[in-house]
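Source file: my_file18.cif. Holds: mmCIF, C-alpha atoms and all ligand atoms.
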data_target
#
loop_
_atom_site.label_atom_id
_atom_site.label_comp_id
_atom_site.auth_asym_id
_atom_site.auth_seq_id
_atom_site.Cartn_x
_atom_site.Cartn_y
_atom_site.Cartn_z
CA MET A 1 160.81 109.50 -49.47
CA ARG A 2 157.17 110.16 -48.64
CA VAL A 3 156.45 110.11 -44.93
CA ALA A 4 154.15 111.62 -42.33
CA PHE A 5 155.33 112.55 -38.82
CA LEU A 6 152.70 112.25 -36.10
CA GLY A 7 152.98 113.05 -32.44
CA PRO A 8 151.47 115.10 -29.64
CA PRO A 9 152.22 118.79 -29.13
CA GLY A 10 155.74 119.09 -27.69
CA ALA A 11 156.96 115.81 -29.23
CA GLY A 12 159.58 117.64 -31.30
CA LYS A 13 158.42 116.42 -34.71
CA GLY A 14 158.59 119.89 -36.27
CA THR A 15 162.31 120.25 -35.54
CA GLN A 16 163.08 116.77 -36.85
CA ALA A 17 160.90 117.30 -39.93
CA ARG A 18 162.71 120.54 -40.77
CA ASP A 19 166.19 119.02 -40.35
CA LEU A 20 165.47 115.74 -42.13
CA ALA A 21 163.68 117.47 -45.03
CA GLN A 22 166.91 119.41 -45.57
CA GLU A 23 169.02 116.27 -45.30
CA TRP A 24 166.83 114.29 -47.71
CA ARG A 25 166.15 117.31 -49.95
CA VAL A 26 162.40 116.77 -49.79
CA LEU A 27 159.54 119.15 -49.04
CA HIS A 28 158.71 119.86 -45.38
CA LEU A 29 154.97 120.40 -45.36
CA ALA A 30 153.31 121.67 -42.18
CA THR A 31 149.65 122.49 -42.74
CA GLY A 32 149.76 125.72 -40.69
CA ASP A 33 152.61 127.08 -42.83
CA MET A 34 150.94 125.88 -46.03
CA LEU A 35 147.74 127.73 -45.09
CA ARG A 36 149.58 130.94 -44.19
CA GLU A 37 151.52 130.86 -47.48
CA ALA A 38 148.41 130.23 -49.57
CA VAL A 39 146.55 133.06 -47.82
CA ALA A 40 149.52 135.43 -48.22
CA ALA A 41 149.84 134.50 -51.91
CA GLY A 42 146.11 135.16 -52.42
CA SER A 43 145.60 131.97 -54.46
CA PRO A 44 141.96 130.91 -55.06
CA LEU A 45 142.24 128.22 -52.36
CA GLY A 46 144.03 130.69 -50.09
CA ARG A 47 141.14 133.12 -50.43
CA GLU A 48 138.66 130.34 -49.72
CA ALA A 49 140.60 129.37 -46.57
CA LYS A 50 140.82 133.00 -45.45
CA GLY A 51 137.03 133.24 -45.58
CA TYR A 52 136.80 130.55 -42.90
CA MET A 53 139.70 131.92 -40.84
CA ASP A 54 138.21 135.44 -40.83
CA GLN A 55 135.06 133.97 -39.27
CA GLY A 56 137.16 132.19 -36.66
CA ALA A 57 136.17 128.82 -38.17
CA LEU A 58 138.39 125.83 -38.87
CA VAL A 59 139.38 125.44 -42.51
CA PRO A 60 137.49 122.32 -43.72
CA ASP A 61 139.42 119.16 -44.60
CA ASP A 62 138.49 119.31 -48.28
CA VAL A 63 140.08 122.77 -48.65
CA ILE A 64 143.25 121.58 -46.88
CA ILE A 65 143.42 118.46 -49.04
CA ARG A 66 142.97 120.38 -52.29
CA MET A 67 145.67 122.79 -51.13
CA MET A 68 147.97 119.85 -50.39
CA GLY A 69 147.25 118.44 -53.83
CA GLU A 70 148.43 121.70 -55.41
CA ARG A 71 151.47 121.87 -53.15
CA LEU A 72 152.55 118.26 -53.67
CA GLY A 73 152.26 118.71 -57.43
CA LYS A 74 154.97 121.40 -57.45
CA ALA A 75 158.55 120.71 -58.55
CA ASP A 76 160.09 120.94 -55.06
CA ALA A 77 157.95 117.99 -53.93
CA ALA A 78 159.11 115.72 -56.76
CA ARG A 79 161.74 114.01 -54.57
CA GLY A 80 159.22 113.45 -51.81
CA PHE A 81 157.90 115.11 -48.67
CA ILE A 82 157.55 115.02 -44.93
CA LEU A 83 154.06 115.84 -43.69
CA ASP A 84 154.38 117.49 -40.29
CA GLY A 85 151.40 116.94 -38.00
CA PHE A 86 148.99 115.83 -40.71
CA PRO A 87 146.72 113.89 -40.83
CA ARG A 88 145.13 114.18 -37.38
CA THR A 89 141.95 112.18 -37.99
CA ILE A 90 140.95 109.05 -39.90
CA ALA A 91 138.83 111.18 -42.26
CA GLN A 92 141.95 113.21 -43.14
CA ALA A 93 144.05 110.05 -43.53
CA ASP A 94 141.46 108.61 -45.88
CA ALA A 95 141.33 111.81 -47.94
CA LEU A 96 145.13 111.93 -48.04
CA ALA A 97 145.32 108.34 -49.30
CA LYS A 98 142.88 109.20 -52.11
CA LEU A 99 144.84 112.35 -53.00
CA LEU A 100 148.13 110.45 -53.18
CA LYS A 101 146.51 107.74 -55.28
CA ASP A 102 145.38 110.43 -57.76
CA LEU A 103 148.97 111.70 -57.84
CA GLY A 104 150.25 108.15 -58.41
CA GLN A 105 152.02 108.17 -55.04
CA THR A 106 151.87 106.31 -51.73
CA LEU A 107 153.14 106.95 -48.20
CA ASP A 108 156.28 104.96 -47.37
CA SER A 109 155.73 105.21 -43.64
CA VAL A 110 154.11 107.07 -40.80
CA VAL A 111 156.50 107.88 -37.97
CA TYR A 112 154.94 108.33 -34.55
CA PHE A 113 156.96 110.32 -32.01
CA ASP A 114 156.44 108.54 -28.71
CA VAL A 115 157.06 110.81 -25.72
CA SER A 116 155.89 110.07 -22.16
CA GLU A 117 153.29 112.35 -20.62
CA PRO A 118 155.58 113.59 -17.79
CA GLU A 119 158.19 114.61 -20.39
CA LEU A 120 155.57 116.38 -22.53
CA LEU A 121 154.31 118.23 -19.45
CA ARG A 122 157.87 119.24 -18.56
CA ARG A 123 158.45 120.60 -22.08
CA LEU A 124 155.10 122.30 -22.53
CA THR A 125 154.69 123.88 -19.09
CA GLY A 126 158.28 125.21 -18.87
CA ARG A 127 157.78 128.26 -21.04
CA ARG A 128 158.06 131.66 -19.35
CA VAL A 129 157.37 134.92 -21.12
CA CYS A 130 158.48 138.46 -20.26
CA ARG A 131 155.56 140.74 -19.34
CA ALA A 132 157.40 143.75 -20.78
CA CYS A 133 159.07 142.60 -24.03
CA GLN A 134 157.38 139.17 -24.61
CA THR A 135 160.71 137.34 -24.97
CA ALA A 136 160.18 133.61 -24.31
CA PHE A 137 162.39 131.43 -22.10
CA HIS A 138 162.17 127.82 -20.97
CA VAL A 139 162.98 126.80 -17.41
CA VAL A 140 164.86 123.70 -18.64
CA SER A 141 165.97 124.18 -22.24
CA ALA A 142 166.49 127.97 -22.40
CA PRO A 143 166.54 129.34 -18.82
CA PRO A 144 167.04 133.03 -18.05
CA LYS A 145 170.26 133.98 -16.22
CA ALA A 146 168.27 134.83 -13.07
CA PRO A 147 165.04 132.91 -12.32
CA GLY A 148 161.92 134.92 -13.12
CA VAL A 149 163.81 137.85 -14.67
CA CYS A 150 164.09 138.71 -18.37
CA ASP A 151 167.68 138.67 -19.69
CA ARG A 152 166.85 141.29 -22.26
CA CYS A 153 165.00 143.99 -20.31
CA GLY A 154 164.87 142.93 -16.66
CA GLY A 155 161.08 142.50 -16.87
CA GLU A 156 159.11 139.92 -14.87
CA LEU A 157 158.66 136.46 -16.42
CA TYR A 158 155.32 134.71 -16.11
CA GLN A 159 153.60 131.53 -17.27
CA ARG A 160 150.84 132.01 -19.83
CA GLU A 161 147.48 130.37 -19.18
CA ASP A 162 148.05 128.31 -22.39
CA ASP A 163 151.16 126.82 -20.80
CA SER A 164 149.58 125.95 -17.43
CA GLU A 165 149.53 122.31 -16.40
CA ALA A 166 145.71 122.10 -16.52
CA THR A 167 145.55 123.52 -20.07
CA VAL A 168 148.41 121.35 -21.31
CA ARG A 169 146.86 118.20 -19.80
CA HIS A 170 143.60 119.03 -21.54
CA ARG A 171 145.31 119.56 -24.92
CA LEU A 172 147.18 116.25 -24.59
CA GLY A 173 143.94 114.47 -23.68
CA VAL A 174 142.20 115.86 -26.76
CA TYR A 175 145.15 114.84 -28.93
CA ASN A 176 145.20 111.29 -27.57
CA ARG A 177 141.48 110.76 -28.02
CA GLN A 178 141.62 112.09 -31.58
CA THR A 179 144.81 110.29 -32.62
CA ALA A 180 144.61 106.86 -31.00
CA PRO A 181 142.20 105.55 -33.70
CA LEU A 182 144.44 107.08 -36.39
CA LEU A 183 147.46 105.18 -35.08
CA ASP A 184 145.45 101.93 -35.27
CA TRP A 185 144.36 102.83 -38.80
CA TYR A 186 147.98 103.18 -39.97
CA ARG A 187 149.10 100.16 -37.94
CA ASP A 188 146.47 98.04 -39.72
CA ARG A 189 147.93 99.19 -43.05
CA GLY A 190 151.47 98.27 -42.00
CA LEU A 191 152.71 101.87 -42.20
CA LEU A 192 153.16 102.85 -38.57
CA VAL A 193 156.63 103.02 -37.01
CA ALA A 194 156.96 104.36 -33.46
CA VAL A 195 160.14 106.20 -32.52
CA ARG A 196 161.18 107.23 -29.02
CA GLY A 197 161.08 111.01 -28.96
CA GLU A 198 163.12 111.46 -25.75
CA GLY A 199 166.85 111.79 -25.17
CA PRO A 200 169.57 113.57 -27.15
CA ILE A 201 168.26 115.20 -30.31
CA ALA A 202 170.87 113.43 -32.49
CA ASP A 203 169.74 110.01 -31.16
CA ILE A 204 166.11 110.83 -31.90
CA ARG A 205 167.11 111.90 -35.41
CA ARG A 206 168.97 108.62 -35.97
CA GLY A 207 165.89 106.70 -34.81
CA VAL A 208 163.59 108.62 -37.13
CA ARG A 209 166.01 108.24 -40.05
CA ASP A 210 166.26 104.48 -39.55
CA ALA A 211 162.50 104.13 -39.18
CA ALA A 212 161.66 106.12 -42.30
CA GLN A 213 164.41 104.71 -44.50
CA GLY A 214 163.93 101.16 -43.28
CA ALA A 215 160.28 101.38 -44.24
CA ALA A 216 161.09 102.99 -47.62
CA ALA A 217 163.76 100.42 -48.54
ZN ZN A 301 161.85 141.44 -21.34
#
So that I can check it, write out the structure of this file as structure tokens.
Ligand SMILES: [Zn+2]
Amino acid sequence: MRVAFLGPPGAGKGTQARDLAQEWRVLHLATGDMLREAVAAGSPLGREAKGYMDQGALVPDDVIIRMMGERLGKADAARGFILDGFPRTIAQADALAKLLKDLGQTLDSVVYFDVSEPELLRRLTGRRVCRACQTAFHVVSAPPKAPGVCDRCGGELYQREDDSEATVRHRLGVYNRQTAPLLDWYRDRGLLVAVRGEGPIADIRRGVRDAAQGAAA
């Protein structure tokens, strides 16, 4: 099973990737985690990546791809993997295809988590954080017992600027502009399967499972 999960922020692909990787006994590879682990381990590529991060720069694609090459060559990736949120651009998809070819592998499918914009806004703008102890709540999925008040310390809950509707709309716009061509790229190669990312979590999981396994069969 070798698949990539794509979807906008708030689409829930991380949760599904984690659960399905466990079910399928394959590697769950999120690039953010991979970077943090490589930096913490102090590997040569980790040190190279840290140089960029210390300057506040993005880690270049070629560093990420080489890091993925190392990671996918390890024993725990032998049964396969789920890439979580990667690639994000056609250049990355192209580099990934070359890397997998070098490893003698191919992607079975690319699962796109399709979630409507109103639902994404509801999920992403609902977070409230305590000013005193920083505990996070969600007005819909994890509400505090009393509105606006922290369950843990009684502090005031507020909405971070990052979670404001204007900021979230901007992030979603950036994602759509960047990813729309990538979806076409994978569609042209017959790899793209869209799954509805709304509704009960078990139903979404069933949809993703069918999509990925149907494509792999
Ligand atoms: Zn608190």
TODO: Could you please determine the separation between CA of Asp94 (chain A) and CA of Gly207 (chain A) in Å, to one decimal place?
DONE: 26.9 Å
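Where the distance criterion is 7 Å and the atoms used are all atoms listed in the file, the residues close to ligand ZN 301 (chain A) are Cys130, Arg131, Ala132, Cys133, Gln134, Thr135, Cys150, Asp151, Arg152, Cys153, Gly154 and Gly155 of chain A.
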Kindly assemble as JSON lines a list of the region 51-122 of chain A residues that lie within 10 Å of region 170-194 of chain A, each paired with its nearest atom pair and their distance in Å to one decimal, using all atoms listed in the file, sorted first by chain and then by ascending residue number.
{"residue": "A:Pro87", "atom": "CA", "partner": "A:Leu182", "partner_atom": "CA", "distance": 8.4}
{"residue": "A:Arg88", "atom": "CA", "partner": "A:Thr179", "partner_atom": "CA", "distance": 6.2}
{"residue": "A:Thr89", "atom": "CA", "partner": "A:Leu182", "partner_atom": "CA", "distance": 5.9}
{"residue": "A:Ile90", "atom": "CA", "partner": "A:Leu182", "partner_atom": "CA", "distance": 5.3}
{"residue": "A:Ala91", "atom": "CA", "partner": "A:Leu182", "partner_atom": "CA", "distance": 9.1}
{"residue": "A:Gln92", "atom": "CA", "partner": "A:Leu182", "partner_atom": "CA", "distance": 9.5}
{"residue": "A:Ala93", "atom": "CA", "partner": "A:Leu182", "partner_atom": "CA", "distance": 7.7}
{"residue": "A:Asp94", "atom": "CA", "partner": "A:Trp185", "partner_atom": "CA", "distance": 9.6}
{"residue": "A:Leu107", "atom": "CA", "partner": "A:Leu191", "partner_atom": "CA", "distance": 7.9}
{"residue": "A:Asp108", "atom": "CA", "partner": "A:Leu191", "partner_atom": "CA", "distance": 7.0}
{"residue": "A:Ser109", "atom": "CA", "partner": "A:Leu191", "partner_atom": "CA", "distance": 4.7}
{"residue": "A:Val110", "atom": "CA", "partner": "A:Leu192", "partner_atom": "CA", "distance": 4.9}
{"residue": "A:Val111", "atom": "CA", "partner": "A:Val193", "partner_atom": "CA", "distance": 5.0}
{"residue": "A:Tyr112", "atom": "CA", "partner": "A:Ala194", "partner_atom": "CA", "distance": 4.6}
{"residue": "A:Phe113", "atom": "CA", "partner": "A:Ala194", "partner_atom": "CA", "distance": 6.1}
{"residue": "A:Asp114", "atom": "CA", "partner": "A:Ala194", "partner_atom": "CA", "distance": 6.3}
{"residue": "A:Glu117", "atom": "CA", "partner": "A:Leu172", "partner_atom": "CA", "distance": 8.3}
{"residue": "A:Leu120", "atom": "CA", "partner": "A:Leu172", "partner_atom": "CA", "distance": 8.6}
{"residue": "A:Leu121", "atom": "CA", "partner": "A:Leu172", "partner_atom": "CA", "distance": 9.0}
Open item on the list: I'd like the contact shell of region 157-160 of chain A - 6 Å cut-off, only C-alpha atoms, skipping same-chain residues fewer than 5 positions apart - returned as number ranges by chain.
Closed with: A: 128-130, 148-149
Could you save those same residues with C-alpha atoms as a PDB file, in the frame of the given file?
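Contents of result_6.pdb, as written:
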ATOM      1  CA  ARG A 128     158.060 131.660 -19.350  1.00  0.00           C
ATOM      2  CA  VAL A 129     157.370 134.920 -21.120  1.00  0.00           C
ATOM      3  CA  CYS A 130     158.480 138.460 -20.260  1.00  0.00           C
ATOM      4  CA  GLY A 148     161.920 134.920 -13.120  1.00  0.00           C
ATOM      5  CA  VAL A 149     163.810 137.850 -14.670  1.00  0.00           C
TER       6      VAL A 149
END
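From CA of Val3 (chain A) back to CA of Arg66 (chain A), the distance works out to 18.5 Å.
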Task: For CA of Arg169 (chain A) and CA of Leu58 (chain A), the interatomic separation in Å (one decimal) - done: 22.2 Å
